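Chemist: Have a peek at entry_33.cif (mmCIF, C-alpha atoms).
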data_final
#
loop_
_atom_site.label_atom_id
_atom_site.label_comp_id
_atom_site.auth_asym_id
_atom_site.auth_seq_id
_atom_site.Cartn_x
_atom_site.Cartn_y
_atom_site.Cartn_z
CA MET P 965 73.01 7.99 204.63
CA ASN P 966 70.07 10.37 204.32
CA LYS P 967 70.53 13.31 202.05
CA VAL P 968 70.03 16.70 203.68
CA PRO P 969 66.83 18.21 202.24
CA ASN P 970 67.50 21.00 199.80
CA ARG P 971 65.87 23.73 201.81
CA SER P 972 68.98 25.79 202.17
CA ASN P 973 69.16 28.08 199.11
CA ILE P 974 66.21 30.43 199.52
CA GLU P 975 66.25 30.25 203.31
CA LEU P 976 69.95 30.96 203.57
CA PHE P 977 69.76 33.77 201.00
CA GLY P 978 66.72 35.30 202.74
CA THR P 979 68.34 35.14 206.15
CA ILE P 980 71.59 36.74 204.95
CA PHE P 981 69.67 39.31 202.89
CA TYR P 982 67.53 40.41 205.82
CA THR P 983 70.38 40.31 208.31
CA GLY P 984 72.33 42.67 206.03
CA ILE P 985 69.35 45.02 205.70
CA LEU P 986 68.78 44.90 209.45
CA PHE P 987 72.34 45.93 210.24
CA VAL P 988 72.26 48.86 207.80
CA VAL P 989 68.83 50.11 208.97
CA ALA P 990 69.75 49.69 212.63
CA GLY P 991 73.01 51.55 212.04
CA LEU P 992 71.28 54.49 210.33
CA ILE P 993 68.59 54.73 213.00
CA SER P 994 71.05 54.50 215.89
CA LEU P 995 73.18 57.27 214.39
CA ASP P 996 70.19 59.61 214.19
CA SER P 997 67.77 58.80 216.96
CA GLY P 998 69.85 56.54 219.16
CA PHE P 999 68.48 53.98 221.56
CA SER P 1000 64.81 55.04 221.35
CA GLY P 1001 64.76 54.58 217.56
CA LEU P 1002 66.49 51.22 217.82
CA ILE P 1003 63.98 50.00 220.40
CA LEU P 1004 61.08 50.96 218.10
CA LEU P 1005 62.75 49.10 215.22
CA CYS P 1006 63.16 46.05 217.47
CA LEU P 1007 59.48 46.25 218.50
CA GLY P 1008 58.52 46.40 214.81
CA ILE P 1009 60.65 43.33 214.12
CA CYS P 1010 58.96 41.52 217.02
CA ALA P 1011 55.54 42.58 215.70
CA GLY P 1012 56.29 41.26 212.20
CA GLY P 1013 57.60 37.96 213.54
CA LEU P 1014 54.80 37.50 216.07
CA PHE P 1015 51.94 38.41 213.74
CA LEU P 1016 53.32 35.95 211.20
CA TYR P 1017 53.96 33.22 213.76
CA PHE P 1018 50.48 33.49 215.30
CA GLN P 1019 48.84 34.39 211.95
CA TYR P 1020 47.11 37.13 213.94
CA GLY P 1021 44.87 38.64 211.32
CA PHE P 1022 41.68 40.65 211.38
CA ALA P 1023 40.31 40.10 207.86
CA SER P 1024 39.99 36.29 208.04
CA GLY P 1025 38.68 36.37 211.63
CA TRP P 1026 35.94 38.83 210.78
CA ARG P 1027 35.10 36.87 207.63
CA ASN P 1028 34.85 33.70 209.69
CA PHE P 1029 32.31 35.46 211.93
CA LEU P 1030 30.25 36.93 209.10
CA GLU P 1031 30.22 33.73 207.04
CA ASN P 1032 30.23 30.95 209.61
CA GLY P 1033 29.22 32.66 212.85
CA ASN P 1034 32.63 31.83 214.38
CA SER P 1035 33.26 34.66 216.83
CA THR P 1036 36.56 33.50 218.37
CA ALA P 1037 38.67 36.15 216.56
CA LEU P 1038 36.34 38.92 217.70
CA VAL P 1039 36.60 37.71 221.31
CA ALA P 1040 40.38 37.95 220.95
CA HIS P 1041 40.31 41.39 219.32
CA PHE P 1042 38.07 42.98 221.97
CA SER P 1043 40.04 41.25 224.75
CA LEU P 1044 43.22 42.69 223.22
CA ALA P 1045 41.65 46.18 223.24
CA ALA P 1046 40.51 45.75 226.87
CA LEU P 1047 44.02 44.71 227.97
CA CYS P 1048 45.50 47.73 226.20
CA ALA P 1049 42.84 50.05 227.66
CA ALA P 1050 43.96 49.11 231.17
CA ILE P 1051 47.26 50.85 230.40
CA PHE P 1052 46.35 53.42 227.72
CA ILE P 1053 43.51 55.28 229.47
CA PRO P 1054 44.99 55.61 232.99
CA ALA P 1055 48.54 56.15 231.62
CA GLU P 1056 49.13 59.11 233.91
CA LEU P 1057 48.13 57.02 236.93
CA TRP P 1058 50.76 54.45 235.92
CA GLY P 1059 53.33 57.24 235.56
CA ILE P 1060 53.55 56.76 231.79
CA ASP P 1061 54.20 59.83 229.65
CA ALA P 1062 51.96 58.87 226.72
CA LYS P 1063 48.55 59.79 225.33
CA GLY P 1064 45.85 57.73 223.65
CA SER P 1065 44.59 57.80 220.09
CA PHE P 1066 41.65 60.13 219.42
CA ALA P 1067 40.12 61.34 216.17
CA PRO P 1068 37.22 63.53 215.03
CA ILE P 1069 33.76 62.10 214.47
CA SER P 1070 33.43 62.91 210.80
CA ILE P 1071 31.62 61.81 207.67
CA SER P 1072 35.03 60.70 206.38
CA LEU P 1073 35.35 58.32 209.35
CA PHE P 1074 32.10 56.55 208.42
CA ILE P 1075 32.88 56.32 204.70
CA GLY P 1076 36.57 55.53 205.14
CA SER P 1077 36.10 52.68 207.60
CA PHE P 1078 33.27 51.21 205.51
CA ILE P 1079 35.36 51.08 202.34
CA PHE P 1080 38.33 49.83 204.36
CA GLY P 1081 36.17 46.87 205.40
CA ILE P 1082 35.38 46.10 201.76
CA GLY P 1083 39.04 46.41 200.82
CA MET P 1084 40.33 44.13 203.57
CA GLN P 1085 38.14 41.28 202.34
CA LEU P 1086 39.15 41.78 198.71
CA ALA P 1087 42.86 41.96 199.55
CA ASN P 1088 42.56 39.18 202.14
CA GLY P 1089 44.33 41.24 204.78
CA CYS P 1090 44.10 44.48 206.72
CA GLY P 1091 46.89 47.02 207.35
CA SER P 1092 48.95 44.70 209.54
CA GLY P 1093 48.02 41.63 207.48
CA VAL P 1094 49.17 43.22 204.23
CA LEU P 1095 52.43 44.27 205.84
CA PHE P 1096 53.51 41.09 207.60
CA ASN P 1097 52.36 38.84 204.75
CA PHE P 1098 54.22 41.08 202.31
CA GLY P 1099 57.34 40.69 204.46
CA ALA P 1100 56.81 36.93 204.38
CA GLY P 1101 56.77 36.91 200.58
CA SER P 1102 53.04 36.71 199.81
CA GLY P 1103 52.48 37.21 196.08
CA ARG P 1104 49.04 38.69 196.80
CA MET P 1105 50.47 41.30 199.16
CA MET P 1106 53.21 42.22 196.69
CA ILE P 1107 50.32 43.63 194.65
CA ALA P 1108 48.18 44.89 197.55
CA LEU P 1109 50.90 46.90 199.31
CA PRO P 1110 51.89 49.25 196.43
CA PHE P 1111 48.19 49.95 195.77
CA PHE P 1112 47.64 50.50 199.51
CA ILE P 1113 50.45 53.07 199.45
CA VAL P 1114 49.04 54.86 196.39
CA GLY P 1115 45.53 54.76 197.89
CA SER P 1116 46.70 56.28 201.14
CA VAL P 1117 48.32 59.19 199.29
CA ILE P 1118 45.04 59.74 197.40
CA GLY P 1119 43.26 59.59 200.77
CA SER P 1120 45.58 62.24 202.17
CA LEU P 1121 44.65 64.56 199.30
CA ILE P 1122 40.91 63.97 199.84
CA LEU P 1123 40.86 64.16 203.67
CA PRO P 1124 40.92 67.99 204.08
CA TRP P 1125 37.91 68.35 201.77
CA ALA P 1126 36.15 65.40 203.45
CA LEU P 1127 36.63 67.01 206.88
CA SER P 1128 35.18 70.28 205.59
CA VAL P 1129 32.02 68.44 204.46
CA GLY P 1130 31.14 67.39 208.00
CA SER P 1131 33.24 66.84 211.08
CA TYR P 1132 32.89 67.23 214.83
CA ASP P 1133 35.41 67.18 217.65
CA GLN P 1134 36.85 64.04 219.20
CA TYR P 1135 34.44 62.24 221.53
CA ILE P 1136 35.99 60.68 224.63
CA ILE P 1137 33.78 57.99 226.17
CA GLY P 1138 33.19 58.76 229.85
CA LYS P 1139 34.87 62.14 229.54
CA ASP P 1140 33.09 63.47 232.63
CA LEU P 1141 34.44 60.68 234.81
CA SER P 1142 37.75 60.67 236.65
CA THR P 1143 40.62 58.95 234.81
CA GLY P 1144 40.37 55.78 236.88
CA TRP P 1145 36.62 55.44 236.46
CA ARG P 1146 36.88 56.28 232.77
CA ALA P 1147 39.34 53.42 232.39
CA ILE P 1148 37.07 51.02 234.29
CA PHE P 1149 34.02 52.10 232.26
CA ASN P 1150 35.79 51.60 228.93
CA ILE P 1151 37.30 48.27 229.99
CA MET P 1152 33.79 47.16 230.96
CA LEU P 1153 32.45 48.19 227.54
CA LEU P 1154 35.21 46.27 225.76
CA GLY P 1155 34.76 43.35 228.14
CA LEU P 1156 31.03 43.37 227.41
CA ALA P 1157 31.72 43.18 223.66
CA ALA P 1158 34.25 40.35 224.17
CA SER P 1159 31.85 38.49 226.50
CA SER P 1160 28.93 38.86 224.09
CA PHE P 1161 30.97 37.38 221.25
CA TYR P 1162 32.27 34.68 223.61
CA ILE P 1163 28.72 33.67 224.63
CA TRP P 1164 27.65 33.78 220.97
CA GLY P 1165 30.43 31.29 220.18
CA LYS P 1166 29.95 29.18 223.31
CA VAL P 1167 26.31 28.38 222.54
CA ARG P 1168 27.47 27.28 219.09
CA GLY P 1169 30.12 24.99 220.54
CA GLN P 1170 33.13 27.14 219.62
CA THR P 1171 36.30 27.10 221.70
CA ILE P 1172 39.16 29.59 221.66
CA SER P 1173 42.49 27.96 220.86
CA LYS P 1174 45.46 28.26 223.21
CA GLY P 1175 47.43 29.77 220.31
CA LEU P 1176 44.90 32.60 219.93
CA ILE P 1177 44.93 33.30 223.68
CA THR P 1178 48.75 33.26 223.80
CA GLY P 1179 48.97 35.43 220.69
CA THR P 1180 46.51 37.94 222.14
CA LEU P 1181 48.44 38.21 225.42
CA ILE P 1182 51.83 38.60 223.70
CA ILE P 1183 50.51 41.14 221.18
CA ALA P 1184 48.87 43.09 224.04
CA LEU P 1185 52.27 43.23 225.71
CA LEU P 1186 53.78 44.42 222.43
CA CYS P 1187 51.12 47.15 221.98
CA VAL P 1188 51.66 48.37 225.54
CA SER P 1189 55.45 48.43 225.02
CA ILE P 1190 55.00 50.50 221.84
CA PHE P 1191 52.65 52.86 223.72
CA ILE P 1192 55.13 53.38 226.55
CA LEU P 1193 58.21 53.77 224.36
CA SER P 1194 56.74 55.88 221.54
CA GLY P 1195 54.34 57.95 223.64
CA HIS P 1196 51.23 56.93 221.67
CA PRO P 1197 49.43 53.81 220.45
CA TRP P 1198 50.72 51.83 217.48
CA GLY P 1199 49.66 52.90 214.00
CA ILE P 1200 50.61 51.41 210.64
CA THR P 1201 49.05 53.29 207.77
CA PHE P 1202 50.60 56.74 208.17
CA GLY P 1203 53.93 55.10 207.33
CA PHE P 1204 52.43 53.95 203.99
CA THR P 1205 51.11 57.45 203.29
CA LEU P 1206 54.51 58.92 204.01
CA TRP P 1207 56.32 56.42 201.77
CA GLY P 1208 53.94 57.16 198.92
CA ALA P 1209 54.12 60.92 199.39
CA LYS P 1210 57.92 60.80 199.39
CA LEU P 1211 57.88 58.71 196.22
CA PHE P 1212 55.47 61.05 194.41
CA ASN P 1213 57.50 64.01 195.63
CA SER P 1214 60.66 62.54 194.14
CA LEU P 1215 58.81 62.05 190.85
CA GLY P 1216 58.04 65.77 190.71
CA VAL P 1217 54.50 65.81 192.10
CA PRO P 1218 54.23 68.89 194.38
CA ILE P 1219 52.89 66.88 197.33
CA SER P 1220 53.94 69.48 199.90
CA GLU P 1221 51.51 71.99 198.37
CA PHE P 1222 48.44 69.86 199.12
CA THR P 1223 46.55 70.86 202.27
CA PHE P 1224 47.17 67.63 204.21
CA TRP P 1225 50.91 68.06 203.83
CA THR P 1226 50.80 71.70 204.94
CA TRP P 1227 49.53 70.64 208.37
CA SER P 1228 52.41 70.76 210.83
CA GLY P 1229 52.62 67.02 211.68
CA PRO P 1230 52.47 65.56 208.16
CA GLY P 1231 54.53 68.49 206.80
CA LYS P 1232 57.33 67.81 209.28
CA ALA P 1233 57.22 64.09 208.48
CA LEU P 1234 57.52 64.84 204.76
CA GLU P 1235 60.59 67.01 205.30
CA GLU P 1236 62.35 64.52 207.54
CA SER P 1237 63.75 61.05 206.88
CA VAL P 1238 61.36 58.09 206.69
CA LEU P 1239 63.40 56.67 209.56
CA ALA P 1240 62.37 59.62 211.76
CA ASN P 1241 58.69 58.65 211.79
CA THR P 1242 57.39 56.13 214.33
CA SER P 1243 54.93 54.37 212.03
CA SER P 1244 57.47 54.17 209.21
CA VAL P 1245 60.21 52.74 211.46
CA MET P 1246 57.80 50.17 212.90
CA ASN P 1247 56.67 49.18 209.38
CA VAL P 1248 60.28 48.71 208.28
CA GLY P 1249 60.80 46.55 211.35
CA MET P 1250 57.66 44.52 210.59
CA ILE P 1251 58.86 43.73 207.07
CA ILE P 1252 62.27 42.69 208.38
CA GLY P 1253 60.78 40.64 211.25
CA ALA P 1254 58.32 38.81 209.01
CA GLY P 1255 61.04 38.33 206.37
CA ILE P 1256 63.46 36.77 208.86
CA VAL P 1257 60.81 34.44 210.32
CA ALA P 1258 59.64 33.45 206.81
CA SER P 1259 63.24 32.81 205.72
CA VAL P 1260 64.15 30.74 208.76
CA SER P 1261 60.90 28.76 208.77
CA GLY P 1262 61.01 28.00 205.05
CA GLN P 1263 57.82 29.93 204.29
CA LEU P 1264 59.54 32.04 201.63
CA LYS P 1265 60.01 28.89 199.59
CA LYS P 1266 56.23 28.51 199.35
CA THR P 1267 55.69 31.92 197.75
CA PHE P 1268 53.35 31.79 194.74
CA TRP P 1269 51.22 34.02 192.54
CA PRO P 1270 47.49 33.64 193.21
CA ALA P 1271 45.04 33.49 190.29
CA ARG P 1272 44.79 36.63 188.17
CA GLY P 1273 41.33 37.54 189.49
CA GLN P 1274 42.59 37.43 193.06
CA LEU P 1275 45.57 39.63 192.17
CA PHE P 1276 43.12 42.12 190.65
CA ALA P 1277 41.10 41.96 193.89
CA ALA P 1278 44.30 42.58 195.87
CA ALA P 1279 44.99 45.69 193.79
CA ILE P 1280 41.46 47.07 194.25
CA GLY P 1281 41.40 46.06 197.91
CA GLY P 1282 44.78 47.66 198.58
CA LEU P 1283 43.76 50.88 196.84
CA ILE P 1284 40.47 51.34 198.70
CA MET P 1285 42.03 50.30 202.00
CA GLY P 1286 44.62 53.01 201.49
CA ILE P 1287 42.00 55.66 200.76
CA GLY P 1288 39.79 54.37 203.58
CA ALA P 1289 42.61 54.30 206.13
CA ARG P 1290 43.43 57.97 205.57
CA LEU P 1291 39.79 59.07 205.60
CA ALA P 1292 39.07 57.02 208.75
CA PHE P 1293 42.29 57.93 210.61
CA GLY P 1294 43.85 54.48 210.52
CA CYS P 1295 43.32 50.76 210.10
CA ASN P 1296 42.39 47.92 212.47
CA ILE P 1297 45.45 48.67 214.59
CA GLY P 1298 45.61 52.47 214.46
CA ALA P 1299 41.87 53.24 214.52
CA PHE P 1300 39.92 50.24 215.87
CA LEU P 1301 42.38 48.84 218.42
CA ALA P 1302 44.07 52.12 219.39
CA GLY P 1303 40.79 54.08 219.35
CA THR P 1304 38.70 51.68 221.45
CA ALA P 1305 41.61 51.06 223.85
CA SER P 1306 41.96 54.84 224.31
CA GLY P 1307 38.26 55.28 225.05
CA SER P 1308 37.60 57.20 221.84
CA LEU P 1309 34.21 56.87 220.14
CA HIS P 1310 35.86 56.89 216.70
CA GLY P 1311 37.31 53.40 217.37
CA TRP P 1312 33.83 51.94 217.95
CA ILE P 1313 32.38 53.66 214.88
CA TRP P 1314 35.33 52.35 212.89
CA PHE P 1315 34.55 48.79 214.00
CA VAL P 1316 30.83 48.94 213.17
CA MET P 1317 31.42 50.49 209.75
CA ALA P 1318 34.39 48.26 208.84
CA ILE P 1319 32.61 45.03 209.74
CA SER P 1320 29.61 46.22 207.70
CA GLY P 1321 31.95 46.92 204.79
CA SER P 1322 33.50 43.49 205.29
CA TRP P 1323 30.09 41.93 204.71
CA ILE P 1324 29.88 43.70 201.32
CA GLY P 1325 33.48 42.70 200.57
CA ILE P 1326 32.69 39.04 201.28
CA LYS P 1327 29.74 39.20 198.86
CA MET P 1328 32.11 40.59 196.20
CA ARG P 1329 34.85 37.98 196.67
CA PRO P 1330 33.34 35.25 194.43
CA TYR P 1331 33.44 37.67 191.46
CA PHE P 1332 37.24 37.65 191.82
CA GLY P 1333 37.57 33.88 192.03
CA PHE P 1334 37.53 33.47 195.81
CA LYS P 1335 35.65 30.57 197.32
CA ASN P 1336 33.80 31.75 200.42
CA GLY P 1337 32.76 29.56 203.28
CA MET U 858 67.03 28.94 188.53
CA ASN U 859 64.06 31.20 188.99
CA SER U 860 62.65 33.07 186.04
CA PHE U 861 62.36 36.85 186.27
CA SER U 862 58.62 36.66 186.92
CA SER U 863 59.00 34.12 189.70
CA PRO U 864 57.38 35.48 192.87
CA LYS U 865 60.59 34.93 194.87
CA THR U 866 62.64 36.96 192.38
CA VAL U 867 60.02 39.73 192.27
CA TYR U 868 59.84 39.67 196.07
CA PHE U 869 63.56 40.17 196.59
CA LEU U 870 63.66 42.86 193.87
CA ILE U 871 60.80 44.77 195.53
CA ILE U 872 62.38 44.47 198.98
CA ALA U 873 65.75 45.62 197.61
CA LEU U 874 64.02 48.53 195.84
CA ILE U 875 62.09 49.56 198.97
CA PHE U 876 65.14 49.50 201.22
CA GLY U 877 67.26 51.19 198.54
CA LEU U 878 64.74 54.04 198.41
CA ILE U 879 64.61 54.19 202.22
CA PHE U 880 68.41 54.48 202.40
CA ILE U 881 68.50 57.20 199.72
CA ASP U 882 65.68 59.11 201.41
CA HIS U 883 67.37 58.87 204.79
CA LEU U 884 70.70 60.08 203.46
CA THR U 885 69.15 63.01 201.58
CA SER U 886 66.60 64.18 204.18
CA GLN U 887 66.98 66.21 207.32
CA THR U 888 66.32 64.64 210.69
CA SER U 889 65.68 66.10 214.11
CA GLY U 890 67.18 63.10 215.89
CA ILE U 891 63.82 62.10 217.34
CA VAL U 892 61.47 59.42 216.05
CA ALA U 893 58.05 61.10 216.17
CA ALA U 894 54.46 60.77 214.98
CA PRO U 895 52.50 63.48 213.12
CA GLY U 896 49.86 63.52 215.87
CA ASP U 897 52.52 64.69 218.33
CA ALA U 898 52.54 68.09 216.62
CA SER U 899 49.99 70.56 217.85
CA PRO U 900 47.32 71.52 217.05
CA SER U 901 46.13 68.13 215.82
CA CYS U 902 42.93 66.25 216.36
CA ALA U 903 43.87 62.87 214.88
CA PRO U 904 46.87 60.53 214.91
CA CYS U 905 47.73 61.56 211.33
CA GLY U 906 48.00 65.21 212.40
CA ALA U 907 44.65 66.30 210.94
CA PRO U 908 42.68 69.09 212.61
CA CYS U 909 39.13 68.42 213.84
CA LYS U 910 37.47 70.41 211.05
#
Could you quickly redo this structure as structure tokens?
Modeler:
Amino acid sequence: MNKVPNRSNIELFGTIFYTGILFVVAGLISLDSGFSGLILLCLGICAGGLFLYFQYGFASGWRNFLENGNSTALVAHFSLAALCAAIFIPAELWGIDAKGSFAPISISLFIGSFIFGIGMQLANGCGSGVLFNFGAGSGRMMIALPFFIVGSVIGSLILPWALSVGSYDQYIIGKDLSTGWRAIFNIMLLGLAASSFYIWGKVRGQTISKGLITGTLIIALLCVSIFILSGHPWGITFGFTLWGAKLFNSLGVPISEFTFWTWSGPGKALEESVLANTSSVMNVGMIIGAGIVASVSGQLKKTFWPARGQLFAAAIGGLIMGIGARLAFGCNIGAFLAGTASGSLHGWIWFVMAISGSWIGIKMRPYFGFKNG
Amino acid sequence: MNSFSSPKTVYFLIIALIFGLIFIDHLTSQTSGIVAAPGDASPSCAPCGAPCK
């Protein structure tokens, strides 16, 4: 008789552990914010599970383009933005009570997104990548995430000064057009970017896998659901900033006296529970979702510590991603995806600067023991 | 048995610590009963609640 493989211990413990956490978190959220909070938690759980299942990352896809000329991930990312734009921009025409993601065109946007690009290559993951891989037990992300959190608090302290150095208003692409035409114009721009990368790959014999197409469609559906239910596009990094600020606050650092935290939105978030902030609730859900999928699939068992140099890179990458995310008003999800899908110029600037920074980050990787190529 | 520095042990300790802190924060903070984003507050120019300048 065959012996049952000993895969039960860590998987069973992880599943019970996360199920327990899920029930407590869901109970607390439902008591305070009811059904709407629970739905957001569930969407976060779905996001964590789906991103892990499809391995839907930005950092490795962009690296694959910059190193090997493989543009398939970029086709997927711009297609994802175009699908979201079809709902985000003409939201009022669809009868949806939600608004897009816009941000000022500032010097901080250029610098922040550039250093974010460097950081995501050093840490081997962007905002979402750090979070779902952390939830799945990645040793690298156990280092990157705390540094990301600390970096984002530092970024929040720098941002007011950075905005005072040079900043203009938001720029809405096609702002003089009617809502419908603005949506069509922006979808065409995103479609043009996706098509250009598709043709680039096609002439080099690249094909887009069914998994990537399916993942893109399902994640688009998820992003649209978040937009409809929360009233704005999905963002990840403010949750990190809030967690860090709360932690520093509890350690006696007078966070609430710093300019960023005197602004009404961040100030209110700091006063309230971490389970009363959309980004924070979604992040909690992502960790739980990725943790459950990793437990059930046996991925937790494969957790290991990378080489010391790579852990050092994860720390540096996490720190500068955190600073960059705050200066640039978000990460790949909250600034690039949400910004371009809302028809905001800041999303496009974020992309150009972050992919430029990624190129520098890739050049730095061998110094930390990574093998490129 | 895993050693203390084993990544699995560290992982579960970090997760337990994070959720422990989240529970404590939730139980000791006020809440308006609505899950909101900082950009929802006005006047803000960015999703994080920052002004334009």
Chemist: Taking 4 positions as the minimum chain separation for residues in the same chain, which residues sit within 8 Å of stretch 867-876 of chain U when counting all atoms listed in the file? Answer as JSON, numbers by chain.
Modeler: {"P": [985, 1101, 1103, 1106], "U": [861, 862, 863, 880]}
Chemist: Would you write out, as a list in words, every residue that the PyMOL selection byres ((chain U) within 6 of (chain P)) captures in this file?
Modeler: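 Selected by the PyMOL selection byres ((chain U) within 6 of (chain P)) in this file: Pro864, His883, Ser886, Gln887, Thr888, Gly890, Ile891, Val892, Ala893, Ala894, Pro895, Ala898, Cys902, Ala903, Gly906, Cys909 and Lys910 of chain U.
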Chemist: Starting from the PyMOL selection byres ((chain P and resi 1325) around 8), expand the selection into actual residues of this file and give them as a ChimeraX atom specification.
Modeler: /P:1081-1086,1321-1324,1326-1329
Chemist: Find the residues near stretch 1011-1021 of chain P: any atom within 8 Å, counting only C-alpha atoms, skip ones fewer than 4 places away on the same chain, and give them as a list in words.
Modeler: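 The contact residues come out as Leu1007, Gly1025, Gly1089, Cys1090, Ser1092, Gly1093, Phe1096, Asn1097, Gly1099, Ala1100, Gly1175, Leu1176, Gly1179, Ile1183, Leu1186, Gly1249, Met1250, Ile1251, Ile1252, Gly1253, Ala1254, Gly1255, Ile1256 and Val1257 of chain P.
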Chemist: Write out, as a PDB file, in the frame of the given file, the residues just selected, with C-alpha atoms.
Modeler:
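Saved as result24.pdb:
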ATOM      1  CA  LEU P1007      59.480  46.250 218.500  1.00  0.00           C
ATOM      2  CA  GLY P1025      38.680  36.370 211.630  1.00  0.00           C
ATOM      3  CA  GLY P1089      44.330  41.240 204.780  1.00  0.00           C
ATOM      4  CA  CYS P1090      44.100  44.480 206.720  1.00  0.00           C
ATOM      5  CA  SER P1092      48.950  44.700 209.540  1.00  0.00           C
ATOM      6  CA  GLY P1093      48.020  41.630 207.480  1.00  0.00           C
ATOM      7  CA  PHE P1096      53.510  41.090 207.600  1.00  0.00           C
ATOM      8  CA  ASN P1097      52.360  38.840 204.750  1.00  0.00           C
ATOM      9  CA  GLY P1099      57.340  40.690 204.460  1.00  0.00           C
ATOM     10  CA  ALA P1100      56.810  36.930 204.380  1.00  0.00           C
ATOM     11  CA  GLY P1175      47.430  29.770 220.310  1.00  0.00           C
ATOM     12  CA  LEU P1176      44.900  32.600 219.930  1.00  0.00           C
ATOM     13  CA  GLY P1179      48.970  35.430 220.690  1.00  0.00           C
ATOM     14  CA  ILE P1183      50.510  41.140 221.180  1.00  0.00           C
ATOM     15  CA  LEU P1186      53.780  44.420 222.430  1.00  0.00           C
ATOM     16  CA  GLY P1249      60.800  46.550 211.350  1.00  0.00           C
ATOM     17  CA  MET P1250      57.660  44.520 210.590  1.00  0.00           C
ATOM     18  CA  ILE P1251      58.860  43.730 207.070  1.00  0.00           C
ATOM     19  CA  ILE P1252      62.270  42.690 208.380  1.00  0.00           C
ATOM     20  CA  GLY P1253      60.780  40.640 211.250  1.00  0.00           C
ATOM     21  CA  ALA P1254      58.320  38.810 209.010  1.00  0.00           C
ATOM     22  CA  GLY P1255      61.040  38.330 206.370  1.00  0.00           C
ATOM     23  CA  ILE P1256      63.460  36.770 208.860  1.00  0.00           C
ATOM     24  CA  VAL P1257      60.810  34.440 210.320  1.00  0.00           C
TER      25      VAL P1257
END
Chemist: For this file, the PyMOL selection byres ((chain P and resi 1152) around 12) selects which residues, as a list in words?
Modeler: Phe1042, Ser1043, Ala1045, Ala1046, Leu1047, Ala1049, Ala1050, Ile1137, Gly1138, Trp1145, Arg1146, Ala1147, Ile1148, Phe1149, Asn1150, Ile1151, Leu1153, Leu1154, Gly1155, Leu1156, Ala1157, Ala1158, Ser1159, Ser1160, Thr1304, Ala1305 and Gly1307 of chain P
Chemist: Do a neighbour search on P:Gly1273 at 6 Å with all atoms listed in the file, toss out local chain neighbours closer than 2 positions, and write the hits as a list of chain:residue names.
Modeler: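 Listed by chain and then number, they are P:Ala1271, P:Leu1275, P:Phe1276, P:Phe1332, P:Gly1333.
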Chemist: Report, in Å with one decimal, the straight-line distance from atom CA of P:Ala1087 to atom CA of P:Ile1009.
Modeler: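 Answer for the atom CA of P:Ala1087 to atom CA of P:Ile1009 separation: 23.0 Å.
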Chemist: Rebuild stretch 865-876 of chain U to N, CA and C atoms - output it as an mmCIF file, keeping the file's coordinate frame, please.
Modeler:
data_model
loop_
_atom_site.group_PDB
_atom_site.id
_atom_site.type_symbol
_atom_site.label_atom_id
_atom_site.label_comp_id
_atom_site.auth_asym_id
_atom_site.auth_seq_id
_atom_site.Cartn_x
_atom_site.Cartn_y
_atom_site.Cartn_z
ATOM 1 N N LYS U 865 59.429 34.740 193.954
ATOM 2 C CA LYS U 865 60.590 34.930 194.870
ATOM 3 C C LYS U 865 61.521 36.000 194.336
ATOM 4 N N THR U 866 61.759 35.954 192.991
ATOM 5 C CA THR U 866 62.640 36.960 192.380
ATOM 6 C C THR U 866 62.013 38.344 192.514
ATOM 7 N N VAL U 867 60.722 38.437 192.178
ATOM 8 C CA VAL U 867 60.020 39.730 192.270
ATOM 9 C C VAL U 867 60.052 40.228 193.711
ATOM 10 N N TYR U 868 59.845 39.314 194.639
ATOM 11 C CA TYR U 868 59.840 39.670 196.070
ATOM 12 C C TYR U 868 61.167 40.301 196.473
ATOM 13 N N PHE U 869 62.263 39.632 196.160
ATOM 14 C CA PHE U 869 63.560 40.170 196.590
ATOM 15 C C PHE U 869 63.889 41.481 195.858
ATOM 16 N N LEU U 870 63.435 41.600 194.601
ATOM 17 C CA LEU U 870 63.660 42.860 193.870
ATOM 18 C C LEU U 870 62.886 44.006 194.523
ATOM 19 N N ILE U 871 61.615 43.718 194.898
ATOM 20 C CA ILE U 871 60.800 44.770 195.530
ATOM 21 C C ILE U 871 61.402 45.168 196.880
ATOM 22 N N ILE U 872 61.799 44.173 197.660
ATOM 23 C CA ILE U 872 62.380 44.470 198.980
ATOM 24 C C ILE U 872 63.666 45.296 198.813
ATOM 25 N N ALA U 873 64.494 44.883 197.843
ATOM 26 C CA ALA U 873 65.750 45.620 197.610
ATOM 27 C C ALA U 873 65.441 47.049 197.169
ATOM 28 N N LEU U 874 64.411 47.204 196.316
ATOM 29 C CA LEU U 874 64.020 48.530 195.840
ATOM 30 C C LEU U 874 63.519 49.395 197.004
ATOM 31 N N ILE U 875 62.645 48.820 197.830
ATOM 32 C CA ILE U 875 62.090 49.560 198.970
ATOM 33 C C ILE U 875 63.210 50.031 199.894
ATOM 34 N N PHE U 876 64.088 49.107 200.264
ATOM 35 C CA PHE U 876 65.140 49.500 201.220
ATOM 36 C C PHE U 876 66.165 50.424 200.558
#
